[in-house]
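This report refers to the structure that appears directly beneath it.
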There are 2 protein chains.
Amino acid sequence: MAGQQLDSKSEQTKALVLETALRMFRSKGFAKTTMRAIATEAGVSLGSAYYYFASKDELVLELYRESVAEQRAAASKALDGVSGLSDRLKVALRAGVDALTPYHGFGGTFISSALPPQSATNPFGEASSQAREDAVGIFSEVIDGAKVPQFLRAELPELLWLAYMGVVLFWVYDRSENQRRTRTLIDGAAPLIAKLIAFSRLPVVKPLVEEALALKAKVRS
Amino acid sequence: MAGQQLDSKSEQTKALVLETALRMFRSKGFAKTTMRAIATEAGVSLGSAYYYFASKDELVLELYRESVAEQRAAASKALDGVSGLSDRLKVALRAGVDALTPYHGFGGTFISSALPPQSATNPFGEASSQAREDAVGIFSEVIDGAKVPQFLRAELPELLWLAYMGVVLFWVYDRSENQRRTRTLIDGAAPLIAKLIAFSRLPVVKPLVEEALALKAKVRS
DNA sequence: TCCAAAAGTTGAACGTGTTCAAAAGTCGTG
DNA sequence: CACGACTTTTGAACACGTTCAACTTTTGGA
């Protein structure tokens with residue numbers, strides 16, 4: 001009768017399963033949320049859930065994508081009006097871990113399904129290339145508003161993203177309340193990295209950095 | 001009749017299960033080796049295997065320990081007669097990934113059970129502290145035979161171990177034949193790190209390094 | 001309208017890691 | 001030997017992720 005929704009029934013069901021899964025992941029953690037429970041809670045059969053998502057990991061991949069989008073949005077907003085590489089970096093890194101905070105409880109299971117090379121969620125892999133580009137984009141934004149040496153500019157977003165991956169790894173293991181240690185790390189590392197980048201122009205340092213960049217290119221394949 | 005073995009029956013059974021498991025892990029990979037298959041192959045019941053090893057992960061932990069011991073032994077031997085920080089570092093890193101080579105096939109499953117914070121195998125965790133000390137010790141050996149700035153000396157083994165963890169992470173994802181790219185990385189990174197350490201004495205660089213060390217201490221807890 | 005092909009749905013079944021109560025073996029002591 | 005406390009062994013049972021053949025619903029063209 002009424003205008004048909006643009007979303008087909010199928011898309012609605014898929015979205016329903018996904019939403020249910022993400023909600024349950026957040027509230028009970030990844031390991032404790034079973035596919036059966038997701039299906040039951042969403043009001044579909046187990047097989048139906050698998051019709052839309054080939055594996056439990058694939059649902060985590062969606063969680064990862066969503067989280068990266070949040071991170072990027074939060075970082076963009078937070079970067080507004082902030083100047084200076086150190087502060088911009090700090091803001092972006094903070095926005096990143098802030099967006100991750102709800103998932104810290106199951107960081108272990110998260111990383112264990114996110115890191116394996118053959119996993120769909122693996123941040124270096126094919127399936128998540130979109131999300132990775134998004135994440136690297138955050139750091140493009142960071143340096144767009146800052147003064148950085150020209151010879152580094154092209155490589156910096158990826159390098160900073162790599163540093164961010166390191167921060168995330170640290171965060172996963174951070175057992176301090178509210179991940180205080182990770183925030184300490186960010187606040188300390190941001191100015192350090194900024195200084196390092198500034199120094200990379202200096203005659204003593206520049207050859208070293210150039211050598212590192214050459215190695216990075218050489219190793220890439 | 002003959003003199004009784006020192007190992008009690010219990011210890012023999014435990015060793016038998018472990019050896020069987022490691023052999024099967026190596027030949028068929030971690031995921032494809034089931035606990036039932038291990039038990040059957042070892043001639044014990046499934047429950048018995050679990051009597052000695054609380055989980056499949058615990059068996060991997062043994063694999064990890066064994067591998068670290070191999071790495072250390074290989075590195076020690078290889079370091080003999082090699083001088084210069086760059087070469088010593090290169091030799092140690094190469095020995096490290098060489099010892100890991102047999103496991104590259106199931107690097108994915110390895111890392112996915114090795115990295116989660118609550119996992120027994122997690123290299124930063126409690127259960128593997130012995131293995132970690134062993135691994136850090138390799139890099140103590142590396143710098144024992146080399147000239148390094150005094151103010152860095154105490155922190156270097158752990159920092160180099162951290163760099164090594166990065167290399168291992170790269171190695172896990174390295175799909176090139178024979179992990180050629182990882183070896184390229186090692187050969188390029190070793191002299192770079194050595195130069196970086198040498199440069200850390202310079203007036204421009206030293207404050208930066210000291211700041212980094214201070215941050216490391218601050219973040220530690 | 002009708003029908004065949006496609007899309008979606010179902011729950012039983014498989015193989016897995018893990019648990020556990022019960023049975024069997026071992027050992028020191030009277 | 002006998003007995004009790006222990007260590008060790010066993011395999012059935014559980015919950016899980018995943019697969020699949022059968023079933024039902026939707027779709028689009030004649």
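Chains: A, B, ... in order of the structure tokens. Residues: from 1 per chain. Ligands: from 1, in order shown.
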
Within 12 Å of chain D: residues of chain A, using only C-alpha atoms (C1' of nucleotides), as a list in words: Ser8, Lys9, Ser10, Ala31, Lys32, Thr33, Thr34, Met35, Arg36, Ala37, Leu46, Gly47, Ala49, Tyr50, Tyr51, Phe53, Ala54, Ser55, Lys56 and Asp57 of chain A

Kindly provide, as a PyMOL selection string, the residues of chain C having any atom no farther than 9 Å from an atom of chain A, counting only C-alpha atoms (C1' of nucleotides). chain C and resi 7-11

Keeping all heavy atoms, export the residues of the selection given above as a tab-separated table (two decimals), in the first residue's frame.
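Now in selection.tsv:
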chain	number	residue	atom	x	y	z
C	7	DA	P	19.50	-14.62	-7.86
C	7	DA	OP1	20.00	-13.26	-8.16
C	7	DA	OP2	20.42	-15.77	-7.71
C	7	DA	O5'	18.59	-14.54	-6.55
C	7	DA	C5'	17.48	-13.65	-6.54
C	7	DA	C4'	16.79	-13.75	-5.20
C	7	DA	O4'	16.15	-15.05	-5.11
C	7	DA	C3'	17.74	-13.64	-4.00
C	7	DA	O3'	17.16	-12.72	-3.10
C	7	DA	C2'	17.79	-15.06	-3.43
C	7	DA	C1'	16.43	-15.61	-3.83
C	7	DA	N9	16.36	-17.06	-4.01
C	7	DA	C8	17.21	-17.86	-4.73
C	7	DA	N7	16.86	-19.13	-4.74
C	7	DA	C5	15.72	-19.16	-3.96
C	7	DA	C6	14.87	-20.22	-3.58
C	7	DA	N6	15.06	-21.48	-3.95
C	7	DA	N1	13.80	-19.92	-2.80
C	7	DA	C2	13.61	-18.64	-2.44
C	7	DA	N3	14.34	-17.56	-2.75
C	7	DA	C4	15.39	-17.90	-3.52
C	8	DG	P	17.91	-12.34	-1.76
C	8	DG	OP1	17.53	-10.95	-1.42
C	8	DG	OP2	19.32	-12.75	-1.88
C	8	DG	O5'	17.21	-13.30	-0.71
C	8	DG	C5'	15.81	-13.13	-0.45
C	8	DG	C4'	15.35	-14.27	0.40
C	8	DG	O4'	15.64	-15.52	-0.26
C	8	DG	C3'	16.01	-14.37	1.79
C	8	DG	O3'	14.96	-14.18	2.73
C	8	DG	C2'	16.59	-15.79	1.84
C	8	DG	C1'	15.79	-16.51	0.76
C	8	DG	N9	16.37	-17.67	0.12
C	8	DG	C8	17.47	-17.74	-0.70
C	8	DG	N7	17.72	-18.94	-1.15
C	8	DG	C5	16.71	-19.72	-0.61
C	8	DG	C6	16.45	-21.11	-0.74
C	8	DG	O6	17.07	-21.95	-1.38
C	8	DG	N1	15.31	-21.49	-0.01
C	8	DG	C2	14.54	-20.63	0.73
C	8	DG	N2	13.49	-21.15	1.35
C	8	DG	N3	14.77	-19.32	0.85
C	8	DG	C4	15.87	-18.94	0.17
C	9	DT	P	15.28	-14.26	4.31
C	9	DT	OP1	14.23	-13.47	5.00
C	9	DT	OP2	16.73	-13.98	4.52
C	9	DT	O5'	15.02	-15.79	4.62
C	9	DT	C5'	13.70	-16.31	4.54
C	9	DT	C4'	13.70	-17.73	5.02
C	9	DT	O4'	14.45	-18.55	4.11
C	9	DT	C3'	14.36	-17.94	6.40
C	9	DT	O3'	13.32	-18.29	7.31
C	9	DT	C2'	15.40	-19.05	6.18
C	9	DT	C1'	15.00	-19.64	4.82
C	9	DT	N1	16.11	-20.17	3.98
C	9	DT	C2	16.11	-21.49	3.65
C	9	DT	O2	15.25	-22.29	4.00
C	9	DT	N3	17.16	-21.89	2.84
C	9	DT	C4	18.19	-21.09	2.37
C	9	DT	O4	19.08	-21.55	1.66
C	9	DT	C5	18.14	-19.71	2.78
C	9	DT	C7	19.21	-18.76	2.32
C	9	DT	C6	17.11	-19.32	3.55
C	10	DT	P	13.66	-18.44	8.87
C	10	DT	OP1	12.41	-18.18	9.61
C	10	DT	OP2	14.88	-17.69	9.19
C	10	DT	O5'	13.97	-19.99	8.93
C	10	DT	C5'	12.99	-20.90	8.44
C	10	DT	C4'	13.53	-22.29	8.40
C	10	DT	O4'	14.52	-22.39	7.35
C	10	DT	C3'	14.28	-22.71	9.68
C	10	DT	O3'	13.40	-23.48	10.48
C	10	DT	C2'	15.48	-23.52	9.16
C	10	DT	C1'	15.32	-23.51	7.65
C	10	DT	N1	16.60	-23.33	6.90
C	10	DT	C2	17.08	-24.37	6.15
C	10	DT	O2	16.54	-25.45	6.07
C	10	DT	N3	18.26	-24.09	5.48
C	10	DT	C4	18.97	-22.90	5.50
C	10	DT	O4	20.01	-22.76	4.87
C	10	DT	C5	18.40	-21.86	6.32
C	10	DT	C7	19.08	-20.53	6.40
C	10	DT	C6	17.25	-22.12	6.97
C	11	DG	P	13.58	-23.49	12.06
C	11	DG	OP1	12.23	-23.70	12.64
C	11	DG	OP2	14.43	-22.38	12.52
C	11	DG	O5'	14.40	-24.85	12.22
C	11	DG	C5'	13.82	-26.05	11.73
C	11	DG	C4'	14.90	-27.10	11.56
C	11	DG	O4'	15.88	-26.65	10.58
C	11	DG	C3'	15.72	-27.40	12.83
C	11	DG	O3'	16.10	-28.76	12.80
C	11	DG	C2'	16.95	-26.52	12.65
C	11	DG	C1'	17.17	-26.74	11.16
C	11	DG	N9	18.03	-25.74	10.54
C	11	DG	C8	18.20	-24.42	10.92
C	11	DG	N7	19.05	-23.78	10.18
C	11	DG	C5	19.47	-24.73	9.24
C	11	DG	C6	20.40	-24.61	8.18
C	11	DG	O6	21.05	-23.62	7.84
C	11	DG	N1	20.54	-25.83	7.49
C	11	DG	C2	19.87	-26.97	7.79
C	11	DG	N2	20.13	-28.02	7.02
C	11	DG	N3	19.00	-27.09	8.78
C	11	DG	C4	18.85	-25.93	9.46

Could you pull out the helix (DSSP H, G or I) residues of region 77-218 of chain B, going by DSSP on the backbone, and write them as a ChimeraX atom specification? /B:77-79,85-114,129-144,150-153,156-173,177-199,206-218

Do a neighbour search on Leu185 (chain B) at 9 Å with only C-alpha atoms (C1' of nucleotides), toss out local chain neighbours closer than 6 positions, and write the hits as number ranges by chain. A: 215-216, 218-219; B: 167, 170

Writing out the chosen residues with all heavy atoms as an mmCIF file, in the first residue's frame:
data_model
loop_
_atom_site.group_PDB
_atom_site.id
_atom_site.type_symbol
_atom_site.label_atom_id
_atom_site.label_comp_id
_atom_site.auth_asym_id
_atom_site.auth_seq_id
_atom_site.Cartn_x
_atom_site.Cartn_y
_atom_site.Cartn_z
ATOM 1 N N LEU A 215 64.361 2.077 1.632
ATOM 2 C CA LEU A 215 64.159 0.709 2.102
ATOM 3 C C LEU A 215 62.682 0.342 2.056
ATOM 4 O O LEU A 215 62.294 -0.750 1.624
ATOM 5 C CB LEU A 215 64.709 0.556 3.531
ATOM 6 C CG LEU A 215 64.473 -0.810 4.175
ATOM 7 C CD1 LEU A 215 65.144 -1.915 3.369
ATOM 8 C CD2 LEU A 215 64.979 -0.829 5.613
ATOM 9 N N LYS A 216 61.865 1.275 2.485
ATOM 10 C CA LYS A 216 60.424 1.035 2.482
ATOM 11 C C LYS A 216 59.946 0.721 1.059
ATOM 12 O O LYS A 216 59.186 -0.227 0.840
ATOM 13 C CB LYS A 216 59.712 2.286 3.021
ATOM 14 C CG LYS A 216 58.197 2.246 2.981
ATOM 15 C CD LYS A 216 57.611 3.319 3.888
ATOM 16 C CE LYS A 216 56.095 3.394 3.800
ATOM 17 N NZ LYS A 216 55.598 4.063 2.585
ATOM 18 N N LYS A 218 61.756 -0.387 -1.413
ATOM 19 C CA LYS A 218 62.391 -1.624 -1.878
ATOM 20 C C LYS A 218 61.672 -2.857 -1.315
ATOM 21 O O LYS A 218 61.495 -3.872 -1.992
ATOM 22 C CB LYS A 218 63.854 -1.622 -1.418
ATOM 23 C CG LYS A 218 64.714 -2.697 -2.053
ATOM 24 C CD LYS A 218 66.161 -2.522 -1.583
ATOM 25 C CE LYS A 218 67.040 -3.662 -2.033
ATOM 26 N NZ LYS A 218 68.354 -3.627 -1.360
ATOM 27 N N VAL A 219 61.249 -2.728 -0.086
ATOM 28 C CA VAL A 219 60.663 -3.859 0.614
ATOM 29 C C VAL A 219 59.216 -4.098 0.171
ATOM 30 O O VAL A 219 58.677 -5.186 0.308
ATOM 31 C CB VAL A 219 60.757 -3.601 2.140
ATOM 32 C CG1 VAL A 219 59.513 -4.060 2.854
ATOM 33 C CG2 VAL A 219 61.990 -4.286 2.710
ATOM 34 N N VAL B 167 59.609 -6.955 13.056
ATOM 35 C CA VAL B 167 60.081 -7.758 11.929
ATOM 36 C C VAL B 167 59.271 -9.051 11.837
ATOM 37 O O VAL B 167 58.876 -9.481 10.757
ATOM 38 C CB VAL B 167 61.588 -8.078 12.068
ATOM 39 C CG1 VAL B 167 62.023 -9.111 11.035
ATOM 40 C CG2 VAL B 167 62.410 -6.806 11.921
ATOM 41 N N PHE B 170 55.979 -8.395 10.356
ATOM 42 C CA PHE B 170 56.137 -8.249 8.910
ATOM 43 C C PHE B 170 56.285 -9.621 8.257
ATOM 44 O O PHE B 170 55.653 -9.909 7.230
ATOM 45 C CB PHE B 170 57.377 -7.389 8.619
ATOM 46 C CG PHE B 170 57.553 -7.049 7.167
ATOM 47 C CD1 PHE B 170 56.986 -5.911 6.633
ATOM 48 C CD2 PHE B 170 58.306 -7.877 6.333
ATOM 49 C CE1 PHE B 170 57.148 -5.597 5.282
ATOM 50 C CE2 PHE B 170 58.470 -7.578 4.990
ATOM 51 C CZ PHE B 170 57.883 -6.436 4.475
#

Within 9 Å of Glu19 (chain A), counting only C-alpha atoms (C1' of nucleotides), which residues show up once you throw out same-chain ones fewer than 5 positions away? Write them as a list in words, please. Lys14, Met24 and Ala42 of chain A

Using only C-alpha atoms for the distances, tell me which of A:Ala146, A:Val205, A:Asp187, A:Ala15 is nearest to Glu62 (chain A). A:Ala15

May I have the residues within 12 Å of region 67-84 of chain B as a ChimeraX atom specification, using only C-alpha atoms (C1' of nucleotides) and disregarding those fewer than 5 positions away in the same chain? /B:22,26,60-62,89-103,123,128-148,164,190-191,194-195,198
